[in-house]
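Colleague: My questions all concern the structure below.
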Amino acid sequence: MNQWRIFILDHHNYLMPFLGKINKNGVCAYASRTLLFLKDDATLKPLAIELSLPGLSPGTEIHRVFRPGGNGSEAALWQFAKAHVGVNDSGYQQLISHW
């Protein structure tokens with residue numbers, strides 16, 4: 001931590017207010033937070049991804065954290081989480097950064 005090698009990619013707070021409306025239309029979108037580590041070769045390695053949905057009652061959320069998995073369903077869920085982060089990141093880039 002003291003070497004400034006841990007970063008967070010946060011697509012949570014700005015997405016959560018809209019997910020209830022988005023997910024009512026037969027879509028399942030998640031808000032995401034990604035913890036990244038800066039490696040010695042100057043690349044970022046994802047360490048963990050948190051996906052969140054609005055809860056059933058107002059003001060509540062459903063969270064799940066994913067870590068890189070080895071085989072089977074763990075590996076598939078890690079790919080699933082990374083796909084949602086990619087969608088959130090590209091959506092932010094297109095809608096927010098380009099405006």
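Starting from 1 in every chain, residues are counted up; chains themselves are A, B, ... following the order of the structure tokens, and ligands are numbered from 1 as listed.
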If we count only C-alpha atoms and set the cut-off at 8 Å, which residues sit around stretch 62-71 of chain A, ignoring sequence neighbours fewer than 5 positions away in its own chain? Please answer as a PDB file with N, CA and C atoms, in the first residue's frame.
Modeller:
ATOM      1  N   LEU A  47      -7.220  -7.989  -9.085  1.00  0.00           N
ATOM      2  CA  LEU A  47      -7.146  -8.868  -7.920  1.00  0.00           C
ATOM      3  C   LEU A  47      -8.514  -9.348  -7.470  1.00  0.00           C
ATOM      4  N   ALA A  48      -9.508  -8.461  -7.565  1.00  0.00           N
ATOM      5  CA  ALA A  48     -10.868  -8.795  -7.132  1.00  0.00           C
ATOM      6  C   ALA A  48     -11.850  -7.855  -7.816  1.00  0.00           C
ATOM      7  N   ILE A  49     -13.050  -8.364  -8.036  1.00  0.00           N
ATOM      8  CA  ILE A  49     -14.130  -7.578  -8.634  1.00  0.00           C
ATOM      9  C   ILE A  49     -15.373  -7.751  -7.774  1.00  0.00           C
ATOM     10  N   GLU A  50     -15.980  -6.633  -7.411  1.00  0.00           N
ATOM     11  CA  GLU A  50     -17.255  -6.657  -6.697  1.00  0.00           C
ATOM     12  C   GLU A  50     -18.350  -6.244  -7.675  1.00  0.00           C
ATOM     13  N   LEU A  51     -19.370  -7.081  -7.818  1.00  0.00           N
ATOM     14  CA  LEU A  51     -20.550  -6.742  -8.608  1.00  0.00           C
ATOM     15  C   LEU A  51     -21.705  -6.494  -7.657  1.00  0.00           C
ATOM     16  N   SER A  52     -22.507  -5.467  -7.945  1.00  0.00           N
ATOM     17  CA  SER A  52     -23.599  -5.079  -7.052  1.00  0.00           C
ATOM     18  C   SER A  52     -24.877  -4.855  -7.839  1.00  0.00           C
ATOM     19  N   LEU A  53     -25.983  -5.178  -7.186  1.00  0.00           N
ATOM     20  CA  LEU A  53     -27.330  -4.927  -7.694  1.00  0.00           C
ATOM     21  C   LEU A  53     -28.128  -4.211  -6.615  1.00  0.00           C
ATOM     22  N   PRO A  54     -29.158  -3.446  -7.012  1.00  0.00           N
ATOM     23  CA  PRO A  54     -30.046  -2.884  -5.994  1.00  0.00           C
ATOM     24  C   PRO A  54     -30.781  -4.008  -5.266  1.00  0.00           C
ATOM     25  N   GLY A  55     -30.984  -3.838  -3.971  1.00  0.00           N
ATOM     26  CA  GLY A  55     -31.709  -4.836  -3.189  1.00  0.00           C
ATOM     27  C   GLY A  55     -33.209  -4.719  -3.379  1.00  0.00           C
ATOM     28  N   ALA A  76     -15.277 -19.417 -14.828  1.00  0.00           N
ATOM     29  CA  ALA A  76     -16.362 -18.842 -15.625  1.00  0.00           C
ATOM     30  C   ALA A  76     -16.944 -17.604 -14.951  1.00  0.00           C
ATOM     31  N   LEU A  77     -17.105 -17.648 -13.629  1.00  0.00           N
ATOM     32  CA  LEU A  77     -17.627 -16.489 -12.906  1.00  0.00           C
ATOM     33  C   LEU A  77     -16.644 -15.326 -12.948  1.00  0.00           C
ATOM     34  N   TRP A  78     -15.343 -15.614 -12.911  1.00  0.00           N
ATOM     35  CA  TRP A  78     -14.337 -14.557 -13.027  1.00  0.00           C
ATOM     36  C   TRP A  78     -14.440 -13.884 -14.408  1.00  0.00           C
ATOM     37  N   ALA A  81     -17.515 -11.660 -14.393  1.00  0.00           N
ATOM     38  CA  ALA A  81     -17.278 -10.407 -13.673  1.00  0.00           C
ATOM     39  C   ALA A  81     -16.425  -9.459 -14.510  1.00  0.00           C
TER      40      ALA A  81
END
Colleague: Would you please give, as a CSV table (one decimal) with C-alpha atoms, in the first residue's frame, all residues of chain A that DSSP assigns to alpha helix (DSSP H) based on the backbone?
Modeller:
chain,number,residue,atom,x,y,z
A,16,MET,CA,-26.5,2.2,-8.7
A,17,PRO,CA,-29.3,4.8,-9.0
A,18,PHE,CA,-30.0,3.7,-12.6
A,19,LEU,CA,-29.8,-0.1,-12.3
A,20,GLY,CA,-33.3,-0.6,-10.9
A,21,LYS,CA,-34.8,1.0,-14.1
A,22,ILE,CA,-32.3,-0.7,-16.4
A,23,ASN,CA,-32.9,-4.2,-15.0
A,72,GLY,CA,-14.7,-24.8,-13.8
A,73,SER,CA,-17.4,-22.5,-12.4
A,74,GLU,CA,-14.9,-20.2,-10.6
A,75,ALA,CA,-13.1,-19.4,-13.8
A,76,ALA,CA,-16.4,-18.8,-15.6
A,77,LEU,CA,-17.6,-16.5,-12.9
A,78,TRP,CA,-14.3,-14.6,-13.0
A,79,GLN,CA,-14.8,-14.1,-16.8
A,80,PHE,CA,-18.4,-13.0,-16.2
A,81,ALA,CA,-17.3,-10.4,-13.7
A,82,LYS,CA,-14.5,-9.1,-16.0
A,83,ALA,CA,-17.0,-8.8,-18.8
A,84,HIS,CA,-19.3,-6.6,-16.7
A,85,VAL,CA,-16.3,-4.4,-15.7
A,86,GLY,CA,-15.4,-4.1,-19.4
A,87,VAL,CA,-19.0,-3.1,-20.3
A,88,ASN,CA,-19.1,-0.5,-17.4
A,89,ASP,CA,-15.7,0.9,-18.4
A,90,SER,CA,-16.5,1.3,-22.1
A,91,GLY,CA,-20.0,2.7,-21.3
A,92,TYR,CA,-18.4,5.3,-19.0
Colleague: Where in chain A does DSSP assign strand (DSSP E or B), given as a ChimeraX atom specification?
Modeller: /A:6-11,31-38,44-54,61-66
Colleague: Using only C-alpha atoms, which protein or nucleic acid residues come within 12 Å of A:Gln3? Drop anything in the same chain fewer than 5 positions from it, and give the result as a PyMOL selection string.
Modeller: chain A and resi 37-40
Colleague: Could you save those same residues with N, CA, C and O atoms as a PDB file, in the first residue's frame?
Modeller:
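Wrote result_29.pdb, looks like this:
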ATOM      1  N   PHE A  37      -3.701  -4.302  -9.160  1.00  0.00           N
ATOM      2  CA  PHE A  37      -2.338  -4.232  -8.642  1.00  0.00           C
ATOM      3  C   PHE A  37      -1.393  -3.862  -9.778  1.00  0.00           C
ATOM      4  O   PHE A  37      -1.424  -4.479 -10.850  1.00  0.00           O
ATOM      5  N   LEU A  38      -0.541  -2.852  -9.561  1.00  0.00           N
ATOM      6  CA  LEU A  38       0.449  -2.447 -10.547  1.00  0.00           C
ATOM      7  C   LEU A  38       1.677  -3.347 -10.432  1.00  0.00           C
ATOM      8  O   LEU A  38       2.398  -3.325  -9.428  1.00  0.00           O
ATOM      9  N   LYS A  39       1.903  -4.145 -11.463  1.00  0.00           N
ATOM     10  CA  LYS A  39       3.025  -5.089 -11.461  1.00  0.00           C
ATOM     11  C   LYS A  39       4.322  -4.384 -11.842  1.00  0.00           C
ATOM     12  O   LYS A  39       4.312  -3.240 -12.312  1.00  0.00           O
ATOM     13  N   ASP A  40       5.435  -5.069 -11.653  1.00  0.00           N
ATOM     14  CA  ASP A  40       6.750  -4.507 -11.962  1.00  0.00           C
ATOM     15  C   ASP A  40       6.919  -4.163 -13.442  1.00  0.00           C
ATOM     16  O   ASP A  40       7.702  -3.282 -13.786  1.00  0.00           O
TER      17      ASP A  40
END
Colleague: How many Å separate atom CA of A:Ile6 from atom CA of A:Thr43?
Modeller: 11.7 Å
Colleague: I'd like to know which of A:Leu44, A:Leu56, A:Leu36, A:Ala31 is closest to A:Tyr14, using only C-alpha atoms.
Modeller: A:Ala31
Colleague: Distance atom CA of A:Trp99-atom CA of A:Thr34, one decimal place?
Modeller: 24.0 Å
Colleague: Would you work out the distance separating atom CA of A:Cys28 from atom CA of A:His11, expressed in Å to one decimal?
Modeller: 15.3 Å
